[in-house]
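Quick look at data28.txt (compact mmCIF, C-alpha atoms and all ligand atoms):
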```txt
# COMPACT_ATOMS: atom_id res chain seq x y z
CA MET E 1 -66.01 4.68 62.72
CA PRO E 2 -62.59 3.08 62.04
CA ALA E 3 -60.23 5.07 59.85
CA GLN E 4 -60.15 4.20 56.14
CA SER E 5 -63.16 1.87 56.35
CA LEU E 6 -65.63 3.71 54.14
CA GLY E 7 -66.09 2.33 50.61
CA VAL E 8 -68.75 4.81 49.43
CA TYR E 9 -69.39 8.35 50.65
CA PHE E 10 -72.40 10.38 49.49
CA TYR E 11 -72.56 14.09 50.27
CA ASP E 12 -75.94 15.79 50.00
CA GLY E 13 -75.83 18.10 53.01
CA GLN E 14 -75.79 21.86 53.30
CA HIS E 15 -74.81 23.31 49.92
CA SER E 16 -72.81 26.45 50.70
CA ASP E 17 -69.24 26.47 49.34
CA GLU E 18 -67.78 26.08 52.81
CA ALA E 19 -70.12 23.38 54.12
CA GLN E 20 -69.78 21.35 50.95
CA TYR E 21 -65.97 21.55 50.98
CA LEU E 22 -65.73 20.77 54.71
CA GLY E 23 -68.16 17.86 54.26
CA LEU E 24 -65.66 16.34 51.86
CA ARG E 25 -62.56 17.20 53.92
CA LEU E 26 -64.05 15.70 57.07
CA ALA E 27 -64.65 12.36 55.38
CA GLU E 28 -61.02 11.98 54.30
CA PRO E 29 -59.67 10.03 57.32
CA PHE E 30 -62.46 7.47 56.92
CA LEU E 31 -62.21 6.83 53.18
CA ALA E 32 -60.84 3.43 52.18
CA PRO E 33 -58.26 3.31 49.38
CA GLY E 34 -60.09 3.79 46.07
CA ALA E 35 -63.41 4.65 47.79
CA ILE E 36 -66.17 6.12 45.64
CA VAL E 37 -67.25 9.64 46.56
CA VAL E 38 -70.54 10.98 45.21
CA VAL E 39 -71.38 14.67 45.43
CA ASP E 40 -74.96 15.67 44.80
CA ASP E 41 -76.50 18.83 43.31
CA THR E 42 -73.46 19.78 41.25
CA ASN E 43 -75.63 21.62 38.71
CA TRP E 44 -75.54 24.42 41.28
CA PRO E 45 -72.46 26.67 41.31
CA ALA E 46 -71.47 26.30 45.00
CA PRO E 47 -71.54 22.48 45.21
CA ARG E 48 -69.70 22.27 41.88
CA ARG E 49 -67.03 24.78 42.93
CA ALA E 50 -66.44 23.01 46.25
CA ALA E 51 -66.33 19.53 44.69
CA GLU E 52 -63.95 20.66 41.95
CA ARG E 53 -61.70 22.35 44.51
CA TRP E 54 -61.54 19.19 46.62
CA ILE E 55 -60.88 17.01 43.57
CA ARG E 56 -58.09 19.40 42.52
CA ASP E 57 -56.56 19.40 46.04
CA HIS E 58 -56.01 15.67 45.82
CA ASP E 59 -55.73 15.25 42.07
CA LEU E 60 -58.56 12.66 42.09
CA ALA E 61 -59.99 10.82 39.10
CA VAL E 62 -63.52 11.88 38.14
CA VAL E 63 -65.53 8.79 37.20
CA GLU E 64 -68.74 10.61 36.15
CA ASP E 65 -69.83 14.21 35.88
CA ILE E 66 -73.55 14.09 35.18
CA ARG E 67 -75.25 17.40 34.44
CA THR E 68 -79.02 17.16 34.18
CA ASP E 69 -81.31 19.48 32.24
CA ASP E 70 -84.35 19.23 34.43
CA PHE E 71 -84.17 18.14 38.05
CA ARG E 72 -87.83 17.09 38.11
CA THR E 73 -87.58 14.46 35.42
CA SER E 74 -84.02 13.17 35.51
CA PRO E 75 -83.26 10.15 37.71
CA PHE E 76 -80.18 12.05 38.90
CA TRP E 77 -82.15 15.16 39.82
CA ASN E 78 -79.77 18.07 40.00
CA GLY E 79 -76.34 17.00 38.85
CA LEU E 80 -73.89 14.50 40.30
CA ILE E 81 -70.11 14.18 40.40
CA VAL E 82 -68.64 10.76 41.11
CA CYS E 83 -64.95 10.46 41.85
CA ARG E 84 -62.51 7.91 43.16
CA TRP E 85 -60.40 8.47 46.30
CA LYS E 86 -56.67 7.68 46.18
CA GLU E 87 -55.52 4.07 46.05
CA ASP E 88 -52.46 4.79 48.18
CA ASN E 89 -54.62 6.29 50.89
CA ARG E 90 -52.59 6.98 53.96
CA ASP E 91 -53.66 9.50 56.54
CA SER E 92 -55.03 12.44 54.56
CA SER E 93 -52.89 14.80 56.59
CA MET E 94 -49.84 13.21 54.94
CA ILE E 95 -50.98 13.81 51.41
CA THR E 96 -49.28 17.08 50.65
CA ALA E 97 -46.29 16.19 52.85
CA ASP E 98 -45.77 13.08 50.74
CA GLN E 99 -45.58 15.15 47.57
CA CYS E 100 -43.22 17.72 49.04
CA PRO E 101 -39.83 17.45 47.29
CA VAL E 102 -37.74 18.32 50.40
CA PRO E 103 -37.89 17.26 54.06
CA LEU E 104 -40.57 18.94 56.14
CA LEU E 105 -39.81 19.50 59.83
CA GLN E 106 -43.39 19.24 61.05
CA TYR E 107 -45.66 16.67 62.66
CA PRO E 108 -48.10 15.78 59.86
CA ARG E 109 -51.39 16.12 61.73
CA GLU E 110 -50.48 19.42 63.32
CA PHE E 111 -49.34 20.79 60.03
CA ALA E 112 -52.39 19.47 58.16
CA ALA E 113 -54.64 21.31 60.63
CA LEU E 114 -52.72 24.52 60.02
CA LEU E 115 -52.93 24.00 56.25
CA ASP E 116 -56.71 23.77 56.54
CA LEU E 117 -56.77 27.24 58.09
CA TYR E 118 -54.31 28.51 55.50
CA ARG E 119 -56.37 27.22 52.60
CA ALA E 120 -59.58 28.68 54.01
CA LEU E 121 -57.89 32.08 54.45
CA GLU E 122 -56.78 32.18 50.79
CA PRO E 123 -53.88 34.47 51.72
CA ARG E 124 -52.59 36.97 49.18
CA THR E 125 -49.61 38.03 51.30
CA VAL E 126 -47.58 35.53 53.34
CA LEU E 127 -44.36 35.70 55.36
CA GLU E 128 -42.38 32.75 56.69
CA ILE E 129 -39.46 33.20 59.08
CA GLY E 130 -37.27 30.07 59.09
CA SER E 131 -37.36 27.90 55.96
CA LEU E 132 -34.31 25.60 56.12
CA PHE E 133 -34.88 23.17 53.19
CA GLY E 134 -38.18 24.81 52.22
CA GLY E 135 -40.62 22.10 53.41
CA THR E 136 -43.13 24.50 54.92
CA LEU E 137 -42.42 27.14 52.27
CA TRP E 138 -43.33 24.68 49.50
CA HIS E 139 -46.78 24.28 51.06
CA TRP E 140 -47.36 28.04 51.34
CA LEU E 141 -46.39 28.43 47.68
CA ARG E 142 -48.45 25.50 46.50
CA LEU E 143 -51.65 26.38 48.34
CA ALA E 144 -51.70 30.17 47.93
CA PRO E 145 -54.04 31.70 45.38
CA GLN E 146 -52.55 32.65 42.01
CA ALA E 147 -50.50 35.88 42.04
CA ALA E 148 -50.07 35.79 45.83
CA LEU E 149 -46.92 37.37 47.24
CA ILE E 150 -44.91 35.04 49.48
CA LEU E 151 -41.94 36.37 51.45
CA ASN E 152 -39.47 34.29 53.42
CA ILE E 153 -36.56 35.14 55.68
CA ASP E 154 -33.98 32.48 56.32
CA THR E 155 -30.43 32.51 57.51
CA LEU E 156 -28.07 29.84 56.24
CA VAL E 157 -26.72 27.31 58.73
CA SER E 158 -22.91 27.08 58.95
CA ILE E 159 -21.09 25.72 55.92
CA GLN E 160 -19.81 22.74 57.96
CA ASP E 161 -23.39 21.71 58.78
CA PRO E 162 -24.64 18.81 56.59
CA ARG E 163 -27.89 20.73 56.07
CA TYR E 164 -26.01 23.58 54.36
CA ALA E 165 -25.96 22.23 50.76
CA PRO E 166 -29.69 21.42 50.46
CA GLN E 167 -30.60 24.67 52.22
CA LYS E 168 -28.32 26.68 49.89
CA ALA E 169 -30.01 25.05 46.87
CA GLY E 170 -33.26 26.63 48.04
CA HIS E 171 -31.68 30.07 48.43
CA ASP E 172 -29.97 29.71 45.06
CA GLY E 173 -33.07 29.18 42.95
CA LEU E 174 -34.94 25.98 43.80
CA TRP E 175 -37.62 27.86 45.80
CA ALA E 176 -37.95 30.49 43.06
CA LYS E 177 -38.52 27.69 40.54
CA TRP E 178 -41.31 26.24 42.69
CA ALA E 179 -42.93 29.67 42.95
CA SER E 180 -42.98 30.27 39.22
CA GLY E 181 -44.41 26.76 38.71
CA PHE E 182 -47.24 27.55 41.14
CA GLY E 183 -47.93 30.99 39.64
CA VAL E 184 -47.05 33.01 42.74
CA THR E 185 -44.35 35.59 43.49
CA LEU E 186 -41.59 34.73 45.97
CA LYS E 187 -39.09 37.12 47.54
CA THR E 188 -36.42 35.49 49.70
CA PHE E 189 -34.47 37.55 52.22
CA GLY E 190 -31.28 35.82 53.32
CA GLY E 191 -30.32 36.92 56.86
CA TYR E 192 -31.71 37.35 60.38
CA SER E 193 -35.29 38.42 60.86
CA ASN E 194 -34.24 40.50 63.88
CA ASP E 195 -32.03 42.64 61.64
CA PRO E 196 -33.76 46.04 61.22
CA ALA E 197 -32.55 46.17 57.59
CA ILE E 198 -34.46 42.95 56.80
CA LEU E 199 -37.56 44.21 58.60
CA ALA E 200 -37.37 47.40 56.51
CA LYS E 201 -37.09 45.38 53.27
CA VAL E 202 -40.13 43.30 54.19
CA ARG E 203 -42.12 46.48 54.89
CA VAL E 204 -41.08 47.90 51.50
CA ALA E 205 -42.14 44.72 49.65
CA LEU E 206 -45.53 44.68 51.41
CA THR E 207 -46.11 48.39 50.91
CA GLU E 208 -45.40 47.96 47.21
CA ARG E 209 -47.96 45.13 47.07
CA SER E 210 -50.53 47.27 48.94
CA ARG E 211 -49.93 50.13 46.48
CA VAL E 212 -50.63 47.80 43.54
CA ASP E 213 -53.71 46.33 45.25
CA CYS E 214 -55.01 49.81 46.12
CA SER E 215 -54.78 51.08 42.58
CA ARG E 216 -56.61 47.93 41.44
CA ARG E 217 -59.38 48.38 44.01
CA GLY E 218 -59.47 52.18 43.92
CA SER E 219 -58.73 52.37 47.66
CA ASP E 220 -56.10 54.51 49.38
CA ASN E 221 -54.90 52.21 52.19
CA MET E 222 -51.26 51.65 51.31
CA GLN E 223 -50.17 50.23 54.66
CA PRO E 224 -47.96 47.13 54.54
CA CYS E 225 -50.28 44.24 55.13
CA LEU E 226 -49.84 40.50 55.73
CA ASP E 227 -52.58 37.85 55.65
CA PHE E 228 -50.50 35.02 57.09
CA LEU E 229 -47.30 34.89 59.17
CA PHE E 230 -45.43 31.69 60.10
CA LEU E 231 -42.72 31.90 62.78
CA ASP E 232 -40.18 29.05 62.75
CA GLY E 233 -36.80 30.81 62.82
CA ASP E 234 -34.83 31.70 65.94
CA HIS E 235 -36.50 29.90 68.89
CA SER E 236 -34.93 32.00 71.68
CA TYR E 237 -37.43 34.02 73.71
CA GLN E 238 -36.03 37.46 72.80
CA ALA E 239 -35.77 36.70 69.08
CA VAL E 240 -39.18 35.12 68.61
CA LYS E 241 -40.76 37.91 70.65
CA PHE E 242 -39.11 40.45 68.35
CA ASP E 243 -40.53 38.59 65.34
CA TYR E 244 -43.98 38.32 66.91
CA ILE E 245 -44.14 42.02 67.77
CA HIS E 246 -42.57 43.52 64.67
CA TYR E 247 -43.78 41.20 61.92
CA GLY E 248 -46.98 40.31 63.78
CA SER E 249 -48.01 43.98 63.77
CA LEU E 250 -48.11 43.81 59.96
CA VAL E 251 -50.83 41.14 60.00
CA ARG E 252 -54.24 42.55 59.16
CA PRO E 253 -57.35 41.98 61.30
CA GLY E 254 -58.77 38.63 60.21
CA GLY E 255 -55.29 37.32 59.36
CA LEU E 256 -53.35 34.54 61.12
CA ILE E 257 -50.05 34.25 62.97
CA ALA E 258 -48.78 30.68 63.47
CA LEU E 259 -45.91 29.83 65.82
CA HIS E 260 -44.09 26.53 65.63
CA ASP E 261 -42.63 24.70 68.66
CA ILE E 262 -44.96 26.02 71.33
CA LEU E 263 -44.22 23.04 73.62
CA ASP E 264 -41.61 23.51 76.36
CA ARG E 265 -38.25 21.97 75.56
CA PRO E 266 -34.61 22.90 76.24
CA THR E 267 -33.88 24.14 72.71
CA SER E 268 -37.04 26.22 72.30
CA GLN E 269 -38.29 29.15 74.33
CA VAL E 270 -41.32 29.72 72.14
CA ALA E 271 -43.44 28.16 74.91
CA ARG E 272 -42.75 31.15 77.17
CA LEU E 273 -43.96 33.60 74.53
CA TRP E 274 -46.93 31.36 73.73
CA ARG E 275 -48.04 31.41 77.40
CA GLU E 276 -47.87 35.21 77.38
CA ILE E 277 -49.92 35.40 74.18
CA VAL E 278 -52.61 33.07 75.57
CA GLN E 279 -52.71 34.96 78.89
CA SER E 280 -53.09 38.27 77.05
CA GLY E 281 -56.56 37.12 75.98
CA ALA E 282 -55.75 36.85 72.27
CA LYS E 283 -57.97 34.48 70.31
CA THR E 284 -55.80 31.39 69.89
CA ARG E 285 -55.85 27.73 69.00
CA GLU E 286 -53.31 24.94 69.56
CA PHE E 287 -52.55 22.00 67.32
CA ILE E 288 -50.72 19.27 69.26
CA GLU E 289 -50.59 15.83 67.72
CA SER E 290 -50.35 13.82 70.95
CA PRO E 291 -50.68 14.94 74.60
CA ASP E 292 -47.38 13.28 75.59
CA GLN E 293 -45.19 14.36 72.68
CA PRO E 294 -41.92 15.99 73.80
CA GLU E 295 -41.68 18.82 71.29
CA MET E 296 -43.23 20.70 68.35
CA GLY E 297 -46.84 21.88 68.61
CA ILE E 298 -48.33 24.74 66.58
CA GLY E 299 -50.06 27.77 68.09
CA VAL E 300 -52.28 30.00 65.98
CA VAL E 301 -53.31 33.56 66.81
CA PHE E 302 -56.46 34.87 65.12
CA VAL E 303 -55.72 38.57 64.66
C1 LIG E 401 -36.57 24.81 62.26
S1 LIG E 401 -35.84 25.35 60.80
C2 LIG E 401 -37.22 25.68 59.77
C3 LIG E 401 -37.93 24.45 59.34
C4 LIG E 401 -38.99 24.65 58.31
N1 LIG E 401 -39.94 25.69 58.67
C5 LIG E 401 -39.74 23.35 58.13
O1 LIG E 401 -40.64 23.08 58.94
O2 LIG E 401 -39.42 22.59 57.21
C6 LIG E 401 -35.30 26.94 61.24
C7 LIG E 401 -34.62 27.74 60.13
O3 LIG E 401 -34.59 29.11 60.55
C8 LIG E 401 -33.33 29.65 60.32
N2 LIG E 401 -33.20 30.75 61.29
C9 LIG E 401 -32.83 30.69 62.57
N3 LIG E 401 -32.91 31.92 63.14
C10 LIG E 401 -33.36 32.76 62.17
C11 LIG E 401 -33.64 34.14 62.12
N4 LIG E 401 -33.52 34.95 63.19
N5 LIG E 401 -34.06 34.67 60.95
C12 LIG E 401 -34.21 33.89 59.86
N6 LIG E 401 -33.96 32.58 59.86
C13 LIG E 401 -33.53 32.02 60.99
C14 LIG E 401 -32.38 28.49 60.48
O4 LIG E 401 -31.15 28.69 59.80
C15 LIG E 401 -33.19 27.36 59.84
O5 LIG E 401 -33.00 27.39 58.45
```

Transcribe the structure of this file into structure tokens.
Ligand SMILES: C[S@@+](CC[C@H](N)C(=O)[O-])C[C@H]1O[C@@H](n2cnc3c(N)ncnc32)[C@H](O)[C@@H]1O
Amino acid sequence: MPAQSLGVYFYDGQHSDEAQYLGLRLAEPFLAPGAIVVVDDTNWPAPRRAAERWIRDHDLAVVEDIRTDDFRTSPFWNGLIVCRWKEDNRDSSMITADQCPVPLLQYPREFAALLDLYRALEPRTVLEIGSLFGGTLWHWLRLAPQAALILNIDTLVSIQDPRYAPQKAGHDGLWAKWASGFGVTLKTFGGYSNDPAILAKVRVALTERSRVDCSRRGSDNMQPCLDFLFLDGDHSYQAVKFDYIHYGSLVRPGGLIALHDILDRPTSQVARLWREIVQSGAKTREFIESPDQPEMGIGVVFV
């Protein structure tokens, strides 16, 4: 089916939260601008939750929300939500990138695929190494559940570099403002991720979060614990390997480690580490927008 050709989409498939949500996400590339989307059986909690989540993701207009009393007699059976897809419908993978207030150094489709995994994980603890202007960081903050703890480590480029001023604005409070707007906690560590003092500070912040979570759940596992780790800092082999080993070991089973720039190129040696990871038998997945692209590429390790 050609992209953006669908004027009406009706979902009445499997009704679990996940299937319902994915059924809507999968249709996105095919929806024409302003298409009508109809979700059936929204009297039930799971279809309603999934539909509302999808509508929230894209800030869509709800045209009708019909709740029925008795599915045997009503012409609409068991509840129906009707909404309208965006008028300015470009590739769905661009949607959040378009809203991002600073430049994002990612290929949109690769990053959109990673965001799908991120959203599904609903991470409570996140670490990014390498933020620059904050383009990727903004997405982690925006899509994390309320009260999540997001950590980022970023070293400032040189003061002569034209990127310095916008990057410094992030370090100086812009990122913190985003976080409070999204209802999550952000701790920024300025410096090199390979610095043992920074690693120690990250461990302290995560241990503190585990202590709070443990007392809430009545458990006694106070180990530092990450749900999601994004590596996009120093792209030399030694440095990224250090990050992968030391910060990667904090990621819990079931969590994700994503590495940016897994394609071979002169300025990135992440490809060498990525080959080692794949050969080690780890469960991995690659997101590469086009087979002949010269750079970028995202690799994900399922811990
Ligand atoms: C490629 S940019 C990050 C781009 C950002 N993730 C995005 O996609 O919008 C890399 C950033 O990592 C920083 N950096 C480089 N080596 C680092 C290290 N060892 N620790 C922390 N930050 C580092 C650089 O100063 C720069 O801000």

Site check for ligand LIG 401 (chain E): residues at most 6 Å away, only C-alpha atoms and all ligand atoms, as number ranges by chain: E: 104-106, 129-132, 134-136, 153-157, 191-194, 232-234

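Closest to Val126 in chain E among E:Ala200, E:Cys100, E:Ala144, E:Leu31 is E:Ala144, based on all atoms listed in the file.
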
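Reported to one decimal place, the separation of CA of Val63 in chain E from CA of Ala113 in chain E is 28.7 Å.
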
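The space separating CA of Ser236 in chain E from CA of Thr267 in chain E comes to 8.0 Å.
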
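For the choices E:Arg285, E:Lys241, E:Arg25, E:Arg211, the atom-to-atom distance to Leu256 in chain E is smallest for E:Arg285 when using only C-alpha atoms.
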
Excluding Gly255 in chain E and any residue of its chain fewer than 5 positions from it, enumerate the residues within 10 Å of it, using all atoms listed in the file, and give them as number ranges by chain. E: 118, 121, 123, 125-126, 225-229, 248, 250, 301-303

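For the pair CA of Tyr9 in chain E and CA of Asp69 in chain E, the separation is 24.6 Å.
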
Give me, as a PyMOL selection string, all polymer residues having an atom no more than 7 Å from Tyr237 in chain E, counting all atoms listed in the file and skipping those fewer than 2 positions away in the same chain. chain E and resi 235+239-241+269-270+272-273

Take the residues from that selection and put them in a file with C-alpha atoms, as a PDB file, in the frame of the given file.
```pdb
ATOM      1  CA  HIS E 235     -36.500  29.900  68.890  1.00  0.00           C
ATOM      2  CA  ALA E 239     -35.770  36.700  69.080  1.00  0.00           C
ATOM      3  CA  VAL E 240     -39.180  35.120  68.610  1.00  0.00           C
ATOM      4  CA  LYS E 241     -40.760  37.910  70.650  1.00  0.00           C
ATOM      5  CA  GLN E 269     -38.290  29.150  74.330  1.00  0.00           C
ATOM      6  CA  VAL E 270     -41.320  29.720  72.140  1.00  0.00           C
ATOM      7  CA  ARG E 272     -42.750  31.150  77.170  1.00  0.00           C
ATOM      8  CA  LEU E 273     -43.960  33.600  74.530  1.00  0.00           C
TER       9      LEU E 273
END
```

To test the calculation: enclose all listed atoms of range 123-139 of chain E in a box whose edges run along x, y and z, add 6 Å on each side, then state centre and edge lengths in Å to one decimal, as JSON.
```
{"center_x": -44.1, "center_y": 30.1, "center_z": 54.1, "size_x": 31.6, "size_y": 27.9, "size_z": 21.9}
```

Taking (-74.5, 19.5, 51.4) in the file's coordinates, which residues come within 12 Å, counting all atoms listed in the file, written as a PDB file with C-alpha atoms, keeping the file's coordinate frame?
```pdb
ATOM      1  CA  PHE E  10     -72.400  10.380  49.490  1.00  0.00           C
ATOM      2  CA  TYR E  11     -72.560  14.090  50.270  1.00  0.00           C
ATOM      3  CA  ASP E  12     -75.940  15.790  50.000  1.00  0.00           C
ATOM      4  CA  GLY E  13     -75.830  18.100  53.010  1.00  0.00           C
ATOM      5  CA  GLN E  14     -75.790  21.860  53.300  1.00  0.00           C
ATOM      6  CA  HIS E  15     -74.810  23.310  49.920  1.00  0.00           C
ATOM      7  CA  SER E  16     -72.810  26.450  50.700  1.00  0.00           C
ATOM      8  CA  ASP E  17     -69.240  26.470  49.340  1.00  0.00           C
ATOM      9  CA  GLU E  18     -67.780  26.080  52.810  1.00  0.00           C
ATOM     10  CA  ALA E  19     -70.120  23.380  54.120  1.00  0.00           C
ATOM     11  CA  GLN E  20     -69.780  21.350  50.950  1.00  0.00           C
ATOM     12  CA  TYR E  21     -65.970  21.550  50.980  1.00  0.00           C
ATOM     13  CA  LEU E  22     -65.730  20.770  54.710  1.00  0.00           C
ATOM     14  CA  GLY E  23     -68.160  17.860  54.260  1.00  0.00           C
ATOM     15  CA  LEU E  24     -65.660  16.340  51.860  1.00  0.00           C
ATOM     16  CA  VAL E  38     -70.540  10.980  45.210  1.00  0.00           C
ATOM     17  CA  VAL E  39     -71.380  14.670  45.430  1.00  0.00           C
ATOM     18  CA  ASP E  40     -74.960  15.670  44.800  1.00  0.00           C
ATOM     19  CA  ASP E  41     -76.500  18.830  43.310  1.00  0.00           C
ATOM     20  CA  THR E  42     -73.460  19.780  41.250  1.00  0.00           C
ATOM     21  CA  TRP E  44     -75.540  24.420  41.280  1.00  0.00           C
ATOM     22  CA  ALA E  46     -71.470  26.300  45.000  1.00  0.00           C
ATOM     23  CA  PRO E  47     -71.540  22.480  45.210  1.00  0.00           C
ATOM     24  CA  ARG E  48     -69.700  22.270  41.880  1.00  0.00           C
ATOM     25  CA  ALA E  50     -66.440  23.010  46.250  1.00  0.00           C
ATOM     26  CA  ALA E  51     -66.330  19.530  44.690  1.00  0.00           C
TER      27      ALA E  51
END
```

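Residue nearest Pro162 in chain E within the list E:Phe133, E:Glu122, E:Gly190, E:Ile198: E:Phe133 [criterion: smallest interatomic distance, only C-alpha atoms].
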
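Shown here are all protein and nucleic acid residues lying within 12 Å of (-40.0, 46.8, 55.6), with all atoms listed in the file considered: Leu127, Leu151, Phe189, Ser193, Asn194, Asp195, Pro196, Ala197, Ile198, Leu199, Ala200, Lys201, Val202, Arg203, Val204, Ala205, Leu206, Thr207, Glu208, Arg209, Gln223, Pro224, Cys225, Leu226, His246, Tyr247, Ser249 and Leu250 of chain E.
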
Given all atoms listed in the file as the basis, pick out the residue of E:Glu52, E:Asp243, E:Cys83, E:Ala258 nearest to Glu64 in chain E. E:Cys83
